[in-house]
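What follows is a set of notes on a single structure, which appears directly below.
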Amino acid sequence: MLTTSNSSARWHPNLWPPFTQILKDYPPKRVLSGEGALLKLENGESLIDAISSWWVTLHGHSNQKIAEAIASQAQELEQVIFADFTHPQAERLAERLSKKSGLERLFFSDNGSTAVEVGLKIAYQYWQNRNESRHQIIAFDGAYHGDTFGAMALGERNLFNAPFENMLFPVKRVPWPSTWWGANDIEVRERIAINTLEKLLQTKTAAVILEPLVQGAGGMSMVRPEFLQEVEVRIREAGTLLIADEVLTGFGRCGSLFAYARASIKPDLISLSKGLTGGFLPMGVTMAKEEVFEQFIGDNPKVTFWHGHSFTANPLGCAAANASLDLLESNPKAYENFESRHIPLLKDLANHPKVLKPRVTGTISAFEIKTEGKQGYLNTAGKKLKASCYEQGVFIRPLGNIVYLLPPLCISDSQLKKCYLAIKKGLDELNEEAC
Ligand SMILES: Cc1ncc(COP(=O)(O)O)c(C=O)c1O
């Protein structure tokens with residue numbers, strides 16, 4: 001067996017990197033600064049961050065307005081226990097997000113996974129507080145909701161969570177009828193999914209969770225709003241709760257402030273993170289409808305939601321989030337018009353013989369590389385394309401053979417074009433290799 005002593009010479013000896021096999025992956029590049037869409041490396045190179053550093057960097061790196069808001073908050077109040085105290089930044093953020101989402105209550109946590117855990121725990125306890133027996137949870141094929149245990153259980157079972165299979169609670173699955181330009185069997189696949197959902201909902205269900213419009217880690221898999229509307233109708237008929245995991249899709253990523261709004265559905269609970277702080281600081285929030293919250297009020301200690309984190313409502317995170325919302329409010333066109341920037345470039349790329357299933361929603365465009373190799377996350381075509389793009393000054397991180405662009409809103413037209421050209425050239429190279 002290979003050990004770290006013979007393999008990790010190029011890796012920092014005290015770091016354990018995420019989602020990485022150090023025997024196979026290249027060691028990371030050192031970044032010294034970021035500016036707008038660019039990452040500036042120690043070796044003097046600049047790279048376009050075409051995936052917003054794991055989908056968090058919303059307005060661009062080192063955005064001045066957010067940096068200033070954090071710096072000024074740090075000099076006033078950096079942290080306070082949020083059980084006996086509250087503070088103006090948290091209240092302001094709660095008021096704003098409540099107004100924008102129409103869901104009155106905001107619960108703070110630390111990241112996307114915890115925002116999902118909180119949504120799930122609230123939904124599950126809600127029925128117990130109402131003295132109703134509902135235990136079934138429904139999620140979708142291909143879902144990814146995070147890496148903590150509850151979130152893992154909700155996600156599709158795969159290589160990533162296989163070691164923990166015995167520890168994951170059962171979740172019922174519905175097919176996710178993804179669509180792309182030219183998908184011609186979409187109605188049939190949507191019907192199959194709805195039929196499955198209907199059958200499952202005959203059992204009393206605590207909650208249905210979904211990623212509205214775009215499943216992220218599951219492969220930038222996009223569904224039509226019509227499908228989500230049908231899903232919601234079935235959920236309302238069954239009287240269960242709908243949780244929207246907007247950790248990726250929120251804050252303009254899908255062309256509207258929240259993806260559920262673009263899909264014209266109305267969840268009971270929403271999980272948010274990533275772009276919440278403009279990508280500056282880790283923070284999660286779960287929004288809940290007032291009528292959900294009301295079930296947690298009462299003299300009996302059992303009805304209380306006994307959940308919290310040390311850094312709940314961290315004032316620096318709240319200041320960043322408020323500054324990020326200011327930016328979104330001052331220029332909504334930045335996300336509303338992004339799709340129309342992608343479309344002509346993706347149309348051009350879609351003519352490439354290696355491009356399958358092109359699709360776009362808001363700021364996210366994606367396609368699959370036509371490849372003979374093993375499908376899925378371990379497919380190597382994406383890695384080759386990534387290396388080629390890197391040489392051309394563009395950072396992408398395909399999911400196996402699925403390639404996507406998810407850039408910060410500030411990316412310029414010429415930078416966006418450069419991303420597409422780099423991918424095209426990389427695909428040409430793959431074509432020559434007949435991969
Ligand atoms: C839809 C979705 N939910 C939850 C998560 C987990 O978020 P985090 O990595 O901040 O825990 C992610 C992360 O990519 C995500 O895309």
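For the structure tokens, the naming scheme is as follows: chains receive sequential letters (A, B, ...) according to their order of presentation, residues are indexed from 1 within each chain, and ligands are indexed from 1 in presentation order.
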
With only C-alpha atoms and all ligand atoms counted, collect every polymer residue having an atom within 7 Å of ligand 1; state the result as a PyMOL selection string.
-> chain A and resi 54+111-114+116+144-147+211+215-217+245-248+273-274

From the DSSP assignment of the backbone, select every residue of segment 118-300 of chain A that is helix (DSSP H, G or I), and format the answer as a tab-separated table (two decimals) with N, CA and C atoms, in the first residue's frame.
```tsv
chain	number	residue	atom	x	y	z
A	118	VAL	N	-30.34	21.79	9.63
A	118	VAL	CA	-31.32	22.55	10.41
A	118	VAL	C	-32.71	22.45	9.76
A	119	GLY	N	-32.76	22.60	8.45
A	119	GLY	CA	-34.04	22.49	7.74
A	119	GLY	C	-34.67	21.12	7.96
A	120	LEU	N	-33.84	20.09	7.87
A	120	LEU	CA	-34.33	18.73	8.04
A	120	LEU	C	-34.82	18.50	9.47
A	121	LYS	N	-34.03	18.95	10.45
A	121	LYS	CA	-34.42	18.75	11.85
A	121	LYS	C	-35.70	19.52	12.17
A	122	ILE	N	-35.81	20.73	11.67
A	122	ILE	CA	-37.03	21.51	11.91
A	122	ILE	C	-38.23	20.76	11.32
A	123	ALA	N	-38.08	20.31	10.07
A	123	ALA	CA	-39.20	19.63	9.41
A	123	ALA	C	-39.59	18.36	10.17
A	124	TYR	N	-38.61	17.63	10.63
A	124	TYR	CA	-38.87	16.35	11.30
A	124	TYR	C	-39.55	16.58	12.65
A	125	GLN	N	-39.03	17.54	13.39
A	125	GLN	CA	-39.59	17.81	14.73
A	125	GLN	C	-40.96	18.47	14.64
A	126	TYR	N	-41.16	19.24	13.57
A	126	TYR	CA	-42.44	19.94	13.37
A	126	TYR	C	-43.62	18.98	13.54
A	127	TRP	N	-43.53	17.80	12.92
A	127	TRP	CA	-44.64	16.85	12.98
A	127	TRP	C	-44.79	16.28	14.38
A	128	GLN	N	-43.65	16.07	15.05
A	128	GLN	CA	-43.76	15.56	16.43
A	128	GLN	C	-44.40	16.61	17.33
A	129	ASN	N	-44.04	17.87	17.11
A	129	ASN	CA	-44.66	18.93	17.93
A	129	ASN	C	-46.16	19.01	17.68
A	149	PHE	N	-23.79	14.12	8.51
A	149	PHE	CA	-24.50	12.85	8.36
A	149	PHE	C	-25.92	12.98	7.81
A	150	GLY	N	-26.66	13.94	8.36
A	150	GLY	CA	-28.03	14.10	7.86
A	150	GLY	C	-28.03	14.50	6.40
A	151	ALA	N	-27.16	15.44	6.07
A	151	ALA	CA	-27.08	15.92	4.69
A	151	ALA	C	-26.61	14.81	3.76
A	152	MET	N	-25.66	13.99	4.25
A	152	MET	CA	-25.19	12.86	3.43
A	152	MET	C	-26.31	11.88	3.17
A	153	ALA	N	-27.11	11.64	4.22
A	153	ALA	CA	-28.21	10.67	4.06
A	153	ALA	C	-29.19	11.15	2.99
A	154	LEU	N	-29.40	12.44	2.91
A	154	LEU	CA	-30.32	13.00	1.92
A	154	LEU	C	-29.76	12.86	0.50
A	162	ALA	N	-20.14	6.12	0.56
A	162	ALA	CA	-20.22	4.66	0.69
A	162	ALA	C	-19.69	4.14	2.04
A	163	PRO	N	-18.56	4.66	2.58
A	163	PRO	CA	-18.07	4.10	3.84
A	163	PRO	C	-19.05	4.26	5.00
A	164	PHE	N	-20.00	5.14	4.85
A	164	PHE	CA	-20.90	5.47	5.97
A	164	PHE	C	-22.31	4.93	5.77
A	165	GLU	N	-22.46	4.15	4.71
A	165	GLU	CA	-23.79	3.67	4.32
A	165	GLU	C	-24.60	3.14	5.52
A	166	ASN	N	-23.96	2.34	6.38
A	166	ASN	CA	-24.69	1.75	7.50
A	166	ASN	C	-25.16	2.79	8.52
A	167	MET	N	-24.58	3.97	8.45
A	167	MET	CA	-24.95	4.99	9.44
A	167	MET	C	-25.96	5.99	8.88
A	186	ILE	N	-38.35	14.77	-22.49
A	186	ILE	CA	-38.42	15.35	-21.14
A	186	ILE	C	-39.78	15.14	-20.48
A	187	GLU	N	-40.86	15.29	-21.29
A	187	GLU	CA	-42.19	15.14	-20.67
A	187	GLU	C	-42.41	13.73	-20.13
A	188	VAL	N	-41.90	12.76	-20.90
A	188	VAL	CA	-42.05	11.36	-20.46
A	188	VAL	C	-41.30	11.15	-19.14
A	189	ARG	N	-40.07	11.65	-19.08
A	189	ARG	CA	-39.27	11.44	-17.87
A	189	ARG	C	-39.86	12.21	-16.67
A	190	GLU	N	-40.41	13.38	-16.95
A	190	GLU	CA	-41.06	14.13	-15.86
A	190	GLU	C	-42.27	13.36	-15.32
A	191	ARG	N	-43.03	12.77	-16.25
A	191	ARG	CA	-44.23	12.01	-15.85
A	191	ARG	C	-43.84	10.82	-14.96
A	192	ILE	N	-42.75	10.14	-15.35
A	192	ILE	CA	-42.29	8.99	-14.55
A	192	ILE	C	-41.93	9.47	-13.13
A	193	ALA	N	-41.24	10.60	-13.07
A	193	ALA	CA	-40.83	11.12	-11.76
A	193	ALA	C	-42.05	11.49	-10.92
A	194	ILE	N	-43.01	12.14	-11.53
A	194	ILE	CA	-44.21	12.56	-10.78
A	194	ILE	C	-44.98	11.33	-10.30
A	195	ASN	N	-45.06	10.30	-11.16
A	195	ASN	CA	-45.75	9.07	-10.73
A	195	ASN	C	-45.06	8.46	-9.52
A	196	THR	N	-43.73	8.44	-9.55
A	196	THR	CA	-42.98	7.89	-8.41
A	196	THR	C	-43.27	8.71	-7.16
A	197	LEU	N	-43.24	10.03	-7.31
A	197	LEU	CA	-43.50	10.90	-6.16
A	197	LEU	C	-44.90	10.65	-5.60
A	198	GLU	N	-45.86	10.56	-6.49
A	198	GLU	CA	-47.25	10.34	-6.05
A	198	GLU	C	-47.35	9.06	-5.23
A	199	LYS	N	-46.71	8.00	-5.73
A	199	LYS	CA	-46.77	6.72	-5.01
A	199	LYS	C	-46.13	6.85	-3.62
A	200	LEU	N	-44.96	7.49	-3.58
A	200	LEU	CA	-44.26	7.62	-2.29
A	200	LEU	C	-45.07	8.46	-1.32
A	225	PRO	N	-38.98	24.50	-14.77
A	225	PRO	CA	-39.87	25.02	-13.73
A	225	PRO	C	-41.20	24.25	-13.68
A	226	GLU	N	-41.70	23.87	-14.86
A	226	GLU	CA	-42.99	23.14	-14.91
A	226	GLU	C	-42.94	21.88	-14.05
A	227	PHE	N	-41.79	21.21	-14.09
A	227	PHE	CA	-41.66	19.99	-13.29
A	227	PHE	C	-41.75	20.31	-11.79
A	228	LEU	N	-41.03	21.34	-11.38
A	228	LEU	CA	-41.04	21.69	-9.95
A	228	LEU	C	-42.43	22.13	-9.52
A	229	GLN	N	-43.15	22.78	-10.42
A	229	GLN	CA	-44.53	23.18	-10.07
A	229	GLN	C	-45.40	21.94	-9.83
A	230	GLU	N	-45.22	20.94	-10.68
A	230	GLU	CA	-45.99	19.69	-10.50
A	230	GLU	C	-45.61	19.02	-9.19
A	231	VAL	N	-44.33	19.05	-8.87
A	231	VAL	CA	-43.86	18.47	-7.61
A	231	VAL	C	-44.55	19.18	-6.45
A	232	GLU	N	-44.58	20.50	-6.54
A	232	GLU	CA	-45.18	21.26	-5.43
A	232	GLU	C	-46.67	20.93	-5.26
A	233	VAL	N	-47.38	20.79	-6.39
A	233	VAL	CA	-48.81	20.45	-6.29
A	233	VAL	C	-48.98	19.15	-5.50
A	234	ARG	N	-48.16	18.13	-5.82
A	234	ARG	CA	-48.28	16.84	-5.14
A	234	ARG	C	-47.95	16.99	-3.65
A	235	ILE	N	-46.96	17.82	-3.37
A	235	ILE	CA	-46.55	18.02	-1.96
A	235	ILE	C	-47.70	18.68	-1.19
A	236	ARG	N	-48.33	19.67	-1.81
A	236	ARG	CA	-49.45	20.35	-1.12
A	236	ARG	C	-50.62	19.39	-0.92
A	237	GLU	N	-50.89	18.58	-1.94
A	237	GLU	CA	-51.99	17.61	-1.81
A	237	GLU	C	-51.73	16.66	-0.65
A	238	ALA	N	-50.44	16.29	-0.48
A	238	ALA	CA	-50.09	15.34	0.57
A	238	ALA	C	-49.91	16.04	1.92
A	259	ALA	N	-33.84	30.64	-6.64
A	259	ALA	CA	-34.26	29.80	-7.78
A	259	ALA	C	-35.73	29.41	-7.66
A	260	TYR	N	-36.21	29.21	-6.42
A	260	TYR	CA	-37.61	28.78	-6.28
A	260	TYR	C	-38.55	29.82	-6.87
A	261	ALA	N	-38.16	31.10	-6.79
A	261	ALA	CA	-39.02	32.16	-7.32
A	261	ALA	C	-39.09	32.05	-8.84
A	262	ARG	N	-37.96	31.76	-9.47
A	262	ARG	CA	-37.96	31.59	-10.92
A	262	ARG	C	-38.79	30.37	-11.32
A	274	LYS	N	-23.14	29.61	0.92
A	274	LYS	CA	-22.27	29.99	-0.20
A	274	LYS	C	-22.31	31.49	-0.52
A	275	GLY	N	-23.18	31.93	-1.42
A	275	GLY	CA	-23.21	33.34	-1.82
A	275	GLY	C	-23.78	34.27	-0.76
A	276	LEU	N	-24.29	33.70	0.33
A	276	LEU	CA	-24.92	34.51	1.39
A	276	LEU	C	-24.02	35.66	1.83
A	277	THR	N	-22.76	35.36	2.09
A	277	THR	CA	-21.83	36.41	2.54
A	277	THR	C	-21.01	36.95	1.37
A	290	GLU	N	-43.65	31.25	9.14
A	290	GLU	CA	-44.11	31.53	10.50
A	290	GLU	C	-44.91	30.36	11.09
A	291	GLU	N	-45.75	29.75	10.24
A	291	GLU	CA	-46.59	28.67	10.80
A	291	GLU	C	-45.75	27.45	11.19
A	292	VAL	N	-44.59	27.29	10.59
A	292	VAL	CA	-43.67	26.23	11.03
A	292	VAL	C	-43.09	26.63	12.39
A	293	PHE	N	-42.62	27.85	12.47
A	293	PHE	CA	-42.03	28.36	13.72
A	293	PHE	C	-43.00	28.24	14.89
A	294	GLU	N	-44.27	28.52	14.62
A	294	GLU	CA	-45.28	28.54	15.70
A	294	GLU	C	-45.40	27.19	16.41
```

Leaving out segment 130-141 of chain A and any residue of its chain fewer than 6 positions from it, which residues lie within 7 Å of it when counting only C-alpha atoms, given as JSON, numbers by chain?
-> {"A": [154, 156, 171, 172, 173, 174, 175, 176, 204, 205, 206, 207, 208, 209, 210, 295]}

Write the residues you've just listed into a file as an mmCIF file, in the first residue's frame, and include C-alpha atoms for each of them.
```
data_model
loop_
_atom_site.group_PDB
_atom_site.id
_atom_site.type_symbol
_atom_site.label_atom_id
_atom_site.label_comp_id
_atom_site.auth_asym_id
_atom_site.auth_seq_id
_atom_site.Cartn_x
_atom_site.Cartn_y
_atom_site.Cartn_z
ATOM 1 C CA LEU A 154 -30.324 12.995 1.915
ATOM 2 C CA GLU A 156 -27.506 10.213 -3.556
ATOM 3 C CA VAL A 171 -34.512 8.207 2.301
ATOM 4 C CA LYS A 172 -36.971 7.541 -0.516
ATOM 5 C CA ARG A 173 -35.891 8.652 -4.002
ATOM 6 C CA VAL A 174 -37.605 10.214 -6.956
ATOM 7 C CA PRO A 175 -35.967 10.420 -10.415
ATOM 8 C CA TRP A 176 -34.636 13.870 -11.342
ATOM 9 C CA LYS A 204 -47.159 9.946 5.442
ATOM 10 C CA THR A 205 -44.116 12.078 4.690
ATOM 11 C CA ALA A 206 -42.291 14.560 6.916
ATOM 12 C CA ALA A 207 -40.576 16.475 4.101
ATOM 13 C CA VAL A 208 -39.501 16.524 0.485
ATOM 14 C CA ILE A 209 -36.146 18.190 -0.183
ATOM 15 C CA LEU A 210 -34.856 19.389 -3.549
ATOM 16 C CA GLN A 295 -45.175 24.794 16.300
#
```

Name the closest residue to Phe82 of chain A among the candidates A:Pro315, A:Pro13, A:Pro353, A:Gly376; distances are taken between atoms, counting only C-alpha atoms.
-> A:Pro315
